[in-house]
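Undergrad: Have a peek at entry_5.cif (mmCIF, N, CA and C atoms).
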data_my_file
#
loop_
_atom_site.label_atom_id
_atom_site.label_comp_id
_atom_site.auth_asym_id
_atom_site.auth_seq_id
_atom_site.Cartn_x
_atom_site.Cartn_y
_atom_site.Cartn_z
N MET D 1 49.36 -1.54 -16.62
CA MET D 1 48.29 -1.96 -17.49
C MET D 1 46.99 -1.32 -17.02
N ALA D 2 46.22 -0.79 -17.93
CA ALA D 2 44.96 -0.11 -17.61
C ALA D 2 43.91 -1.12 -17.17
N LYS D 3 43.15 -0.72 -16.19
CA LYS D 3 42.08 -1.59 -15.67
C LYS D 3 40.93 -1.61 -16.67
N GLN D 4 40.48 -2.82 -16.98
CA GLN D 4 39.35 -2.94 -17.90
C GLN D 4 38.05 -2.77 -17.13
N THR D 5 37.15 -2.09 -17.79
CA THR D 5 35.84 -1.97 -17.17
C THR D 5 35.01 -3.19 -17.51
N ASP D 6 34.20 -3.57 -16.55
CA ASP D 6 33.31 -4.72 -16.74
C ASP D 6 32.09 -4.25 -17.52
N LYS D 7 31.98 -4.72 -18.75
CA LYS D 7 30.85 -4.27 -19.58
C LYS D 7 29.52 -4.75 -19.03
N TYR D 8 29.56 -5.71 -18.08
CA TYR D 8 28.33 -6.25 -17.50
C TYR D 8 28.00 -5.62 -16.14
N ALA D 9 28.78 -4.63 -15.71
CA ALA D 9 28.58 -4.03 -14.39
C ALA D 9 27.16 -3.48 -14.22
N ALA D 10 26.62 -2.91 -15.27
CA ALA D 10 25.29 -2.29 -15.18
C ALA D 10 24.18 -3.30 -14.93
N ILE D 11 24.45 -4.57 -15.24
CA ILE D 11 23.39 -5.58 -15.04
C ILE D 11 23.73 -6.57 -13.93
N LYS D 12 24.62 -6.17 -13.05
CA LYS D 12 24.90 -6.99 -11.86
C LYS D 12 23.86 -6.64 -10.79
N LEU D 13 23.38 -7.65 -10.12
CA LEU D 13 22.37 -7.46 -9.09
C LEU D 13 22.82 -6.44 -8.04
N GLU D 14 24.07 -6.53 -7.63
CA GLU D 14 24.60 -5.63 -6.60
C GLU D 14 24.60 -4.17 -7.01
N ASN D 15 24.45 -3.89 -8.29
CA ASN D 15 24.46 -2.51 -8.79
C ASN D 15 23.06 -1.98 -9.09
N GLN D 16 22.04 -2.72 -8.73
CA GLN D 16 20.67 -2.34 -9.04
C GLN D 16 19.97 -1.70 -7.85
N LEU D 17 19.47 -0.50 -8.01
CA LEU D 17 18.66 0.14 -6.98
C LEU D 17 17.35 -0.62 -6.80
N CYS D 18 16.83 -1.16 -7.88
CA CYS D 18 15.54 -1.85 -7.82
C CYS D 18 15.56 -3.05 -6.90
N PHE D 19 16.68 -3.75 -6.81
CA PHE D 19 16.70 -4.97 -6.01
C PHE D 19 16.54 -4.72 -4.51
N PRO D 20 17.34 -3.84 -3.89
CA PRO D 20 17.12 -3.64 -2.46
C PRO D 20 15.74 -3.02 -2.17
N LEU D 21 15.21 -2.22 -3.09
CA LEU D 21 13.85 -1.69 -2.91
C LEU D 21 12.84 -2.82 -2.91
N TYR D 22 12.97 -3.70 -3.89
CA TYR D 22 12.07 -4.85 -4.00
C TYR D 22 12.18 -5.76 -2.78
N ALA D 23 13.39 -6.11 -2.39
CA ALA D 23 13.60 -7.01 -1.27
C ALA D 23 13.13 -6.38 0.05
N ALA D 24 13.40 -5.10 0.23
CA ALA D 24 12.97 -4.41 1.46
C ALA D 24 11.45 -4.31 1.51
N ALA D 25 10.83 -4.03 0.38
CA ALA D 25 9.36 -3.96 0.34
C ALA D 25 8.75 -5.30 0.71
N ARG D 26 9.29 -6.37 0.16
CA ARG D 26 8.78 -7.71 0.49
C ARG D 26 8.96 -8.00 1.98
N GLU D 27 10.10 -7.63 2.51
CA GLU D 27 10.39 -7.88 3.92
C GLU D 27 9.42 -7.12 4.82
N VAL D 28 9.19 -5.86 4.51
CA VAL D 28 8.27 -5.06 5.31
C VAL D 28 6.85 -5.61 5.22
N VAL D 29 6.41 -5.97 4.03
CA VAL D 29 5.08 -6.56 3.88
C VAL D 29 4.98 -7.85 4.70
N ASN D 30 6.05 -8.62 4.72
CA ASN D 30 6.06 -9.85 5.53
C ASN D 30 5.89 -9.56 7.02
N TYR D 31 6.38 -8.41 7.49
CA TYR D 31 6.18 -8.04 8.89
C TYR D 31 4.69 -7.86 9.20
N TYR D 32 3.94 -7.34 8.22
CA TYR D 32 2.51 -7.09 8.40
C TYR D 32 1.67 -8.38 8.36
N THR D 33 2.14 -9.36 7.63
CA THR D 33 1.34 -10.55 7.33
C THR D 33 0.70 -11.22 8.54
N PRO D 34 1.42 -11.52 9.61
CA PRO D 34 0.75 -12.21 10.72
C PRO D 34 -0.39 -11.39 11.34
N PHE D 35 -0.22 -10.09 11.43
CA PHE D 35 -1.25 -9.23 12.01
C PHE D 35 -2.48 -9.15 11.11
N LEU D 36 -2.23 -9.03 9.81
CA LEU D 36 -3.33 -8.91 8.85
C LEU D 36 -4.04 -10.24 8.65
N SER D 37 -3.30 -11.33 8.70
CA SER D 37 -3.91 -12.66 8.57
C SER D 37 -4.94 -12.90 9.66
N GLU D 38 -4.63 -12.44 10.87
CA GLU D 38 -5.58 -12.56 11.98
C GLU D 38 -6.91 -11.87 11.67
N LEU D 39 -6.84 -10.82 10.87
CA LEU D 39 -8.03 -10.03 10.53
C LEU D 39 -8.67 -10.47 9.22
N GLY D 40 -8.02 -11.39 8.51
CA GLY D 40 -8.57 -11.89 7.26
C GLY D 40 -8.42 -10.96 6.08
N ILE D 41 -7.39 -10.09 6.12
CA ILE D 41 -7.14 -9.19 5.00
C ILE D 41 -5.69 -9.27 4.55
N THR D 42 -5.44 -8.85 3.32
CA THR D 42 -4.10 -8.82 2.77
C THR D 42 -3.49 -7.43 2.98
N TYR D 43 -2.20 -7.32 2.67
CA TYR D 43 -1.54 -6.03 2.79
C TYR D 43 -2.17 -5.00 1.83
N THR D 44 -2.47 -5.43 0.61
CA THR D 44 -3.07 -4.51 -0.36
C THR D 44 -4.44 -4.04 0.13
N GLN D 45 -5.21 -4.93 0.71
CA GLN D 45 -6.50 -4.53 1.28
C GLN D 45 -6.30 -3.57 2.45
N TYR D 46 -5.29 -3.82 3.24
CA TYR D 46 -4.98 -2.95 4.39
C TYR D 46 -4.66 -1.53 3.93
N ILE D 47 -3.80 -1.40 2.94
CA ILE D 47 -3.46 -0.04 2.49
C ILE D 47 -4.65 0.63 1.82
N ALA D 48 -5.49 -0.17 1.17
CA ALA D 48 -6.72 0.40 0.59
C ALA D 48 -7.61 0.94 1.70
N PHE D 49 -7.75 0.17 2.77
CA PHE D 49 -8.57 0.64 3.89
C PHE D 49 -8.01 1.90 4.51
N MET D 50 -6.70 2.05 4.57
CA MET D 50 -6.13 3.26 5.14
C MET D 50 -6.62 4.49 4.37
N VAL D 51 -6.73 4.37 3.06
CA VAL D 51 -7.26 5.48 2.25
C VAL D 51 -8.77 5.59 2.44
N LEU D 52 -9.48 4.46 2.42
CA LEU D 52 -10.94 4.48 2.52
C LEU D 52 -11.44 5.01 3.87
N TRP D 53 -10.77 4.67 4.95
CA TRP D 53 -11.20 5.15 6.27
C TRP D 53 -11.14 6.67 6.35
N GLU D 54 -10.22 7.27 5.62
CA GLU D 54 -10.10 8.73 5.62
C GLU D 54 -10.93 9.39 4.53
N ASN D 55 -11.32 8.61 3.51
CA ASN D 55 -11.99 9.18 2.34
C ASN D 55 -13.19 8.32 1.95
N ASP D 56 -14.10 8.12 2.87
CA ASP D 56 -15.28 7.31 2.59
C ASP D 56 -16.04 7.93 1.41
N GLY D 57 -16.35 7.11 0.41
CA GLY D 57 -17.02 7.61 -0.78
C GLY D 57 -16.06 8.03 -1.89
N ILE D 58 -14.81 7.63 -1.79
CA ILE D 58 -13.80 7.96 -2.80
C ILE D 58 -14.09 7.17 -4.08
N ALA D 59 -13.76 7.75 -5.21
CA ALA D 59 -13.92 7.07 -6.50
C ALA D 59 -12.83 6.01 -6.65
N VAL D 60 -13.16 4.94 -7.35
CA VAL D 60 -12.20 3.85 -7.58
C VAL D 60 -10.93 4.39 -8.23
N GLY D 61 -11.08 5.24 -9.22
CA GLY D 61 -9.92 5.80 -9.91
C GLY D 61 -9.00 6.58 -8.99
N GLU D 62 -9.58 7.34 -8.09
CA GLU D 62 -8.78 8.12 -7.13
C GLU D 62 -8.08 7.19 -6.15
N LEU D 63 -8.76 6.13 -5.72
CA LEU D 63 -8.13 5.15 -4.84
C LEU D 63 -6.92 4.53 -5.54
N GLY D 64 -7.08 4.17 -6.79
CA GLY D 64 -5.97 3.61 -7.57
C GLY D 64 -4.81 4.58 -7.68
N ARG D 65 -5.11 5.84 -7.91
CA ARG D 65 -4.06 6.86 -8.02
C ARG D 65 -3.30 6.97 -6.70
N ARG D 66 -4.03 7.01 -5.60
CA ARG D 66 -3.40 7.16 -4.28
C ARG D 66 -2.53 5.96 -3.91
N LEU D 67 -2.93 4.77 -4.39
CA LEU D 67 -2.20 3.55 -4.03
C LEU D 67 -1.21 3.09 -5.11
N PHE D 68 -1.16 3.82 -6.23
CA PHE D 68 -0.31 3.43 -7.36
C PHE D 68 -0.72 2.04 -7.87
N LEU D 69 -2.03 1.79 -7.95
CA LEU D 69 -2.57 0.51 -8.43
C LEU D 69 -3.50 0.74 -9.60
N ASP D 70 -3.52 -0.20 -10.53
CA ASP D 70 -4.42 -0.08 -11.68
C ASP D 70 -5.75 -0.77 -11.39
N ASN D 71 -6.73 -0.53 -12.27
CA ASN D 71 -8.06 -1.11 -12.08
C ASN D 71 -8.04 -2.63 -12.12
N GLY D 72 -7.12 -3.21 -12.86
CA GLY D 72 -7.02 -4.67 -12.93
C GLY D 72 -6.65 -5.29 -11.59
N THR D 73 -5.96 -4.54 -10.77
CA THR D 73 -5.61 -5.00 -9.42
C THR D 73 -6.72 -4.63 -8.43
N LEU D 74 -7.24 -3.42 -8.58
CA LEU D 74 -8.25 -2.93 -7.64
C LEU D 74 -9.58 -3.66 -7.71
N THR D 75 -10.09 -3.87 -8.93
CA THR D 75 -11.44 -4.41 -9.07
C THR D 75 -11.63 -5.75 -8.37
N PRO D 76 -10.77 -6.76 -8.59
CA PRO D 76 -10.97 -8.02 -7.87
C PRO D 76 -10.86 -7.87 -6.35
N MET D 77 -9.95 -7.02 -5.91
CA MET D 77 -9.79 -6.79 -4.48
C MET D 77 -11.05 -6.15 -3.90
N LEU D 78 -11.59 -5.16 -4.58
CA LEU D 78 -12.79 -4.49 -4.09
C LEU D 78 -13.99 -5.42 -4.10
N LYS D 79 -14.09 -6.26 -5.12
CA LYS D 79 -15.18 -7.25 -5.16
C LYS D 79 -15.11 -8.18 -3.96
N LYS D 80 -13.90 -8.59 -3.61
CA LYS D 80 -13.70 -9.50 -2.47
C LYS D 80 -14.10 -8.80 -1.17
N LEU D 81 -13.69 -7.54 -1.01
CA LEU D 81 -14.04 -6.80 0.20
C LEU D 81 -15.54 -6.56 0.29
N GLU D 82 -16.16 -6.35 -0.86
CA GLU D 82 -17.62 -6.17 -0.88
C GLU D 82 -18.32 -7.47 -0.49
N LYS D 83 -17.82 -8.58 -1.00
CA LYS D 83 -18.39 -9.89 -0.68
C LYS D 83 -18.26 -10.18 0.83
N GLN D 84 -17.18 -9.69 1.45
CA GLN D 84 -16.96 -9.86 2.88
C GLN D 84 -17.83 -8.90 3.71
N GLY D 85 -18.51 -7.98 3.04
CA GLY D 85 -19.37 -7.02 3.74
C GLY D 85 -18.62 -5.86 4.36
N LEU D 86 -17.40 -5.59 3.88
CA LEU D 86 -16.58 -4.53 4.46
C LEU D 86 -16.70 -3.19 3.72
N ILE D 87 -17.11 -3.26 2.46
CA ILE D 87 -17.31 -2.05 1.66
C ILE D 87 -18.55 -2.23 0.78
N GLU D 88 -19.01 -1.12 0.23
CA GLU D 88 -20.05 -1.13 -0.80
C GLU D 88 -19.54 -0.29 -1.96
N ARG D 89 -19.81 -0.75 -3.17
CA ARG D 89 -19.48 0.03 -4.37
C ARG D 89 -20.79 0.54 -4.96
N ARG D 90 -20.82 1.84 -5.27
CA ARG D 90 -22.03 2.44 -5.85
C ARG D 90 -21.63 3.40 -6.97
N ARG D 91 -22.46 3.41 -7.99
CA ARG D 91 -22.25 4.36 -9.09
C ARG D 91 -22.55 5.76 -8.58
N SER D 92 -21.78 6.72 -9.03
CA SER D 92 -21.98 8.11 -8.64
C SER D 92 -23.29 8.63 -9.23
N ALA D 93 -24.02 9.39 -8.46
CA ALA D 93 -25.26 10.01 -8.94
C ALA D 93 -24.96 11.08 -9.98
N GLU D 94 -23.81 11.73 -9.86
CA GLU D 94 -23.42 12.80 -10.79
C GLU D 94 -22.91 12.26 -12.12
N ASP D 95 -22.24 11.11 -12.08
CA ASP D 95 -21.63 10.54 -13.28
C ASP D 95 -21.63 9.02 -13.15
N GLU D 96 -22.50 8.35 -13.89
CA GLU D 96 -22.64 6.90 -13.76
C GLU D 96 -21.38 6.12 -14.12
N ARG D 97 -20.45 6.75 -14.81
CA ARG D 97 -19.20 6.07 -15.15
C ARG D 97 -18.29 5.93 -13.95
N VAL D 98 -18.54 6.73 -12.92
CA VAL D 98 -17.69 6.74 -11.72
C VAL D 98 -18.30 5.83 -10.66
N VAL D 99 -17.46 4.93 -10.15
CA VAL D 99 -17.87 4.06 -9.05
C VAL D 99 -17.20 4.56 -7.79
N LYS D 100 -18.01 4.74 -6.76
CA LYS D 100 -17.48 5.20 -5.47
C LYS D 100 -17.52 4.05 -4.47
N ILE D 101 -16.62 4.12 -3.50
CA ILE D 101 -16.49 3.06 -2.51
C ILE D 101 -16.86 3.63 -1.14
N TYR D 102 -17.72 2.90 -0.45
CA TYR D 102 -18.16 3.30 0.88
C TYR D 102 -17.83 2.18 1.87
N VAL D 103 -17.30 2.56 3.01
CA VAL D 103 -16.96 1.60 4.06
C VAL D 103 -18.23 1.30 4.86
N THR D 104 -18.47 0.03 5.09
CA THR D 104 -19.62 -0.40 5.89
C THR D 104 -19.28 -0.29 7.37
N PRO D 105 -20.29 -0.40 8.24
CA PRO D 105 -19.98 -0.41 9.69
C PRO D 105 -18.95 -1.50 10.04
N GLU D 106 -19.05 -2.67 9.40
CA GLU D 106 -18.07 -3.74 9.65
C GLU D 106 -16.67 -3.32 9.21
N GLY D 107 -16.61 -2.56 8.12
CA GLY D 107 -15.32 -2.05 7.64
C GLY D 107 -14.71 -1.06 8.60
N PHE D 108 -15.58 -0.25 9.22
CA PHE D 108 -15.07 0.69 10.23
C PHE D 108 -14.69 -0.02 11.52
N GLU D 109 -15.34 -1.14 11.84
CA GLU D 109 -14.93 -1.95 12.99
C GLU D 109 -13.52 -2.50 12.78
N LEU D 110 -13.20 -2.84 11.54
CA LEU D 110 -11.87 -3.33 11.21
C LEU D 110 -10.80 -2.30 11.55
N ARG D 111 -11.13 -1.03 11.37
CA ARG D 111 -10.17 0.05 11.68
C ARG D 111 -9.73 -0.03 13.14
N GLU D 112 -10.66 -0.28 14.02
CA GLU D 112 -10.33 -0.39 15.45
C GLU D 112 -9.35 -1.54 15.68
N LYS D 113 -9.55 -2.64 14.97
CA LYS D 113 -8.69 -3.81 15.14
C LYS D 113 -7.29 -3.59 14.57
N CYS D 114 -7.16 -2.61 13.69
CA CYS D 114 -5.87 -2.33 13.04
C CYS D 114 -5.02 -1.32 13.81
N LEU D 115 -5.56 -0.72 14.83
CA LEU D 115 -4.85 0.37 15.52
C LEU D 115 -3.47 -0.02 16.02
N ARG D 116 -3.27 -1.22 16.46
CA ARG D 116 -1.99 -1.63 17.05
C ARG D 116 -0.96 -2.04 15.99
N ILE D 117 -1.38 -2.27 14.78
CA ILE D 117 -0.48 -2.81 13.75
C ILE D 117 0.73 -1.92 13.48
N PRO D 118 0.58 -0.61 13.25
CA PRO D 118 1.78 0.20 12.97
C PRO D 118 2.83 0.11 14.07
N GLN D 119 2.40 0.13 15.31
CA GLN D 119 3.35 0.03 16.42
C GLN D 119 4.04 -1.32 16.44
N GLU D 120 3.28 -2.39 16.22
CA GLU D 120 3.86 -3.74 16.22
C GLU D 120 4.86 -3.90 15.07
N VAL D 121 4.50 -3.43 13.90
CA VAL D 121 5.41 -3.54 12.76
C VAL D 121 6.63 -2.65 12.97
N GLY D 122 6.43 -1.50 13.58
CA GLY D 122 7.54 -0.60 13.88
C GLY D 122 8.62 -1.25 14.73
N LYS D 123 8.23 -2.19 15.56
CA LYS D 123 9.20 -2.92 16.39
C LYS D 123 10.09 -3.82 15.54
N CYS D 124 9.62 -4.20 14.37
CA CYS D 124 10.37 -5.11 13.49
C CYS D 124 11.34 -4.38 12.58
N VAL D 125 11.07 -3.13 12.31
CA VAL D 125 11.87 -2.35 11.37
C VAL D 125 13.04 -1.73 12.12
N LYS D 126 14.23 -2.07 11.69
CA LYS D 126 15.43 -1.67 12.42
C LYS D 126 16.06 -0.40 11.86
N VAL D 127 15.28 0.68 11.85
CA VAL D 127 15.81 1.99 11.48
C VAL D 127 15.34 2.99 12.54
N THR D 128 16.09 4.04 12.71
CA THR D 128 15.71 5.07 13.67
C THR D 128 14.54 5.88 13.08
N PRO D 129 13.82 6.61 13.93
CA PRO D 129 12.75 7.47 13.39
C PRO D 129 13.27 8.48 12.37
N GLU D 130 14.48 8.98 12.59
CA GLU D 130 15.07 9.94 11.65
C GLU D 130 15.37 9.26 10.31
N GLU D 131 15.93 8.05 10.37
CA GLU D 131 16.21 7.31 9.14
C GLU D 131 14.91 6.98 8.41
N ALA D 132 13.89 6.63 9.16
CA ALA D 132 12.59 6.32 8.55
C ALA D 132 12.03 7.55 7.83
N ALA D 133 12.15 8.72 8.46
CA ALA D 133 11.66 9.95 7.83
C ALA D 133 12.44 10.26 6.56
N THR D 134 13.73 10.07 6.58
CA THR D 134 14.57 10.30 5.40
C THR D 134 14.18 9.32 4.29
N LEU D 135 14.05 8.06 4.65
CA LEU D 135 13.68 7.04 3.68
C LEU D 135 12.31 7.33 3.08
N TYR D 136 11.36 7.71 3.91
CA TYR D 136 10.01 8.06 3.47
C TYR D 136 10.09 9.16 2.40
N GLY D 137 10.83 10.21 2.70
CA GLY D 137 10.97 11.32 1.75
C GLY D 137 11.64 10.90 0.45
N LEU D 138 12.69 10.09 0.55
CA LEU D 138 13.40 9.63 -0.65
C LEU D 138 12.51 8.73 -1.51
N LEU D 139 11.75 7.86 -0.88
CA LEU D 139 10.89 6.96 -1.64
C LEU D 139 9.79 7.72 -2.37
N TYR D 140 9.18 8.70 -1.71
CA TYR D 140 8.17 9.49 -2.41
C TYR D 140 8.80 10.36 -3.50
N LYS D 141 10.03 10.79 -3.29
CA LYS D 141 10.73 11.53 -4.35
C LYS D 141 10.94 10.61 -5.55
N LEU D 142 11.32 9.37 -5.29
CA LEU D 142 11.51 8.39 -6.35
C LEU D 142 10.19 8.14 -7.10
N LEU D 143 9.08 8.17 -6.36
CA LEU D 143 7.77 7.97 -6.98
C LEU D 143 7.31 9.21 -7.75
N GLY D 144 8.09 10.29 -7.65
CA GLY D 144 7.74 11.50 -8.40
C GLY D 144 6.74 12.37 -7.69
N ASN D 145 6.62 12.20 -6.39
CA ASN D 145 5.66 12.97 -5.63
C ASN D 145 6.30 13.33 -4.30
N GLU D 146 7.04 14.43 -4.29
CA GLU D 146 7.81 14.79 -3.10
C GLU D 146 6.93 15.24 -1.94
N GLU D 147 5.75 15.72 -2.24
CA GLU D 147 4.86 16.17 -1.17
C GLU D 147 3.60 15.32 -1.19
N ARG D 148 3.53 14.36 -0.27
CA ARG D 148 2.34 13.50 -0.17
C ARG D 148 1.39 14.09 0.84
N ASP D 149 0.08 13.96 0.53
CA ASP D 149 -0.92 14.42 1.49
C ASP D 149 -1.24 13.33 2.47
#
Please re-express this file's structure in structure tokens.
TA:
Amino acid sequence: MAKQTDKYAAIKLENQLCFPLYAAAREVVNYYTPFLSELGITYTQYIAFMVLWENDGIAVGELGRRLFLDNGTLTPMLKKLEKQGLIERRRSAEDERVVKIYVTPEGFELREKCLRIPQEVGKCVKVTPEEAATLYGLLYKLLGNEERD
């Protein structure tokens, strides 16, 4: 007798690439939480700062592109960081439609406090450096950007 195919196989959780990606992302973010909570910032704020520390004066739109976040997510987060005195938002002198983000001295002090976080989180992630490099490449390939700067 011929084996019947399960017409529902495509919608089984175990067959979804999205699920282990989602669950792994949540797990990794959870590793960061205790360290970031001590500093009074969220994971999304942390990744925003990683871009801002390297690109002081970046436009909001460019920050969103780099983080794969829309303005609806970025604007409230940036307002909160500004209220905390960690960043300043200013309209561009060249184009008033463009808002640029500048890190304050307090925001740069935060960078010093974050230096140990990657190493601490690295202790929680149970993959070899080689596996991490492979995963990194595959994830950016999935995002449609095989060469990240």
Undergrad: Taking only chain D into account, list the residues labelled strand (DSSP E) by DSSP (computed from the backbone), as number ranges by chain.
TA: D: 58-59, 87-91, 99-103
Undergrad: List the spatial neighbours of Gly64 of chain D as a ChimeraX atom specification - criterion: any atom at most 10 Å away, only C-alpha atoms, same-chain residues fewer than 4 positions off excluded.
TA: /D:48,59-60,68-75
Undergrad: Atom CA of Asn55 of chain D and atom N of Tyr102 of chain D, how far apart in Å?
TA: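 We find that atom N of Tyr102 of chain D and atom CA of Asn55 of chain D lie 8.9 Å from each other.
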Undergrad: So how many Å separate atom CA of Arg90 of chain D and atom CA of Gly57 of chain D, to one decimal?
TA: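 One can read the atom CA of Arg90 of chain D to atom CA of Gly57 of chain D distance as 8.8 Å.
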Undergrad: Determine which residues of segment 43-72 of chain D receive a DSSP assignment of alpha helix (DSSP H), computed from the backbone, and state them as a list in words.
TA: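 These are the residues in question: Tyr43, Thr44, Gln45, Tyr46, Ile47, Ala48, Phe49, Met50, Val51, Leu52, Trp53, Glu54, Val60, Gly61, Glu62, Leu63, Gly64, Arg65, Arg66, Leu67, Asn71 and Gly72 of chain D.
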Undergrad: Would you kindly return, as an MDAnalysis selection string, each protein, DNA or RNA residue with an atom no farther than 12 Å from any atom of segment 9-24 of chain D, considering only C-alpha atoms and excluding same-chain residues fewer than 3 positions away?
TA: chainID D and resid 4:6 27:31 125:126 135 138:139 142
Undergrad: I'd like the neighbourhood of Met77 of chain D as a CSV table (one decimal) with N, CA and C atoms, in the coordinates of the input, where a residue qualifies if any of its atoms comes within 9 Å (using only C-alpha atoms), though same-chain residues fewer than 4 positions away should be ignored.
TA:
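Generated output (result_16.csv):
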chain,number,residue,atom,x,y,z
D,44,THR,N,-2.5,-5.4,0.6
D,44,THR,CA,-3.1,-4.5,-0.4
D,44,THR,C,-4.4,-4.0,0.1
D,45,GLN,N,-5.2,-4.9,0.7
D,45,GLN,CA,-6.5,-4.5,1.3
D,45,GLN,C,-6.3,-3.6,2.4
D,73,THR,N,-6.0,-4.5,-10.8
D,73,THR,CA,-5.6,-5.0,-9.4
D,73,THR,C,-6.7,-4.6,-8.4
D,81,LEU,N,-13.7,-7.5,-1.0
D,81,LEU,CA,-14.0,-6.8,0.2
D,81,LEU,C,-15.5,-6.6,0.3
D,82,GLU,N,-16.2,-6.4,-0.9
D,82,GLU,CA,-17.6,-6.2,-0.9
D,82,GLU,C,-18.3,-7.5,-0.5
Undergrad: Smallest atom-to-atom distance to Phe35 of chain D: which of D:Phe49, D:Glu130, D:Cys114, D:Glu96, using only N, CA and C atoms?
TA: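 Closest to Phe35 of chain D, using only N, CA and C atoms: D:Cys114.
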Undergrad: Return the single residue from D:Arg116, D:Val98, D:Leu39, D:Thr104 that is closest to Leu86 of chain D, with distances computed using all atoms listed in the file.
TA: D:Thr104
Undergrad: Can you measure atom CA of Tyr32 of chain D to atom N of Pro105 of chain D for me? One decimal in Å is fine.
TA: 23.8 Å
Undergrad: Taking into account only C-alpha atoms, which residue in the set D:Ser92, D:Leu78, D:Leu52, D:Lys7 is nearest to Arg111 of chain D?
TA: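 Residue with the minimum atom-to-atom distance to Arg111 of chain D: D:Leu52.
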Undergrad: Find, counting only N, CA and C atoms, the residue in D:Ile47, D:Thr42, D:Thr134, D:Thr33 that gets nearest to Leu67 of chain D.
TA: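 Closest to Leu67 of chain D, using only N, CA and C atoms: D:Ile47.
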Undergrad: Residues near Leu36 of chain D, anyone? I mean within 8 Å using only N, CA and C atoms, not counting same-chain ones fewer than 6 positions away, as a PyMOL selection string.
TA: chain D and resi 42-43+46+117
Undergrad: Please dump the current selection as a short mmCIF file (atom, residue, chain, number, x, y, z; two decimals), keeping the file's coordinate frame; keep N, CA and C atoms.
TA:
data_model
loop_
_atom_site.label_atom_id
_atom_site.label_comp_id
_atom_site.auth_asym_id
_atom_site.auth_seq_id
_atom_site.Cartn_x
_atom_site.Cartn_y
_atom_site.Cartn_z
N THR D 42 -5.44 -8.85 3.32
CA THR D 42 -4.10 -8.82 2.77
C THR D 42 -3.49 -7.43 2.98
N TYR D 43 -2.20 -7.32 2.67
CA TYR D 43 -1.54 -6.03 2.79
C TYR D 43 -2.17 -5.00 1.83
N TYR D 46 -5.29 -3.82 3.24
CA TYR D 46 -4.98 -2.95 4.39
C TYR D 46 -4.66 -1.53 3.93
N ILE D 117 -1.38 -2.27 14.78
CA ILE D 117 -0.48 -2.81 13.75
C ILE D 117 0.73 -1.92 13.48
#
Undergrad: When you write segment 101-128 of chain D out from the block above, keep C-alpha atoms and present the result as an mmCIF file, in the first residue's frame, please.
TA:
data_model
loop_
_atom_site.group_PDB
_atom_site.id
_atom_site.type_symbol
_atom_site.label_atom_id
_atom_site.label_comp_id
_atom_site.auth_asym_id
_atom_site.auth_seq_id
_atom_site.Cartn_x
_atom_site.Cartn_y
_atom_site.Cartn_z
ATOM 1 C CA ILE D 101 20.825 61.232 16.218
ATOM 2 C CA TYR D 102 23.774 62.281 18.352
ATOM 3 C CA VAL D 103 25.098 60.398 21.375
ATOM 4 C CA THR D 104 25.526 62.523 24.492
ATOM 5 C CA PRO D 105 28.517 62.189 26.839
ATOM 6 C CA GLU D 106 26.252 60.065 29.094
ATOM 7 C CA GLY D 107 25.471 57.864 26.099
ATOM 8 C CA PHE D 108 29.165 57.365 25.458
ATOM 9 C CA GLU D 109 29.672 56.523 29.156
ATOM 10 C CA LEU D 110 27.141 53.737 28.643
ATOM 11 C CA ARG D 111 29.439 52.252 25.987
ATOM 12 C CA GLU D 112 32.122 51.696 28.617
ATOM 13 C CA LYS D 113 29.616 49.877 30.824
ATOM 14 C CA CYS D 114 28.629 47.600 27.924
ATOM 15 C CA LEU D 115 32.139 46.369 27.126
ATOM 16 C CA ARG D 116 31.826 43.137 29.110
ATOM 17 C CA ILE D 117 28.385 42.156 27.791
ATOM 18 C CA PRO D 118 29.429 40.312 24.581
ATOM 19 C CA GLN D 119 31.871 38.138 26.510
ATOM 20 C CA GLU D 120 29.332 37.383 29.249
ATOM 21 C CA VAL D 121 26.611 36.499 26.751
ATOM 22 C CA GLY D 122 29.108 34.435 24.763
ATOM 23 C CA LYS D 123 29.472 32.178 27.792
ATOM 24 C CA CYS D 124 25.750 31.377 27.569
ATOM 25 C CA VAL D 125 25.663 30.504 23.877
ATOM 26 C CA LYS D 126 26.573 26.878 23.363
ATOM 27 C CA VAL D 127 28.074 26.965 19.874
ATOM 28 C CA THR D 128 31.695 26.913 18.795
#
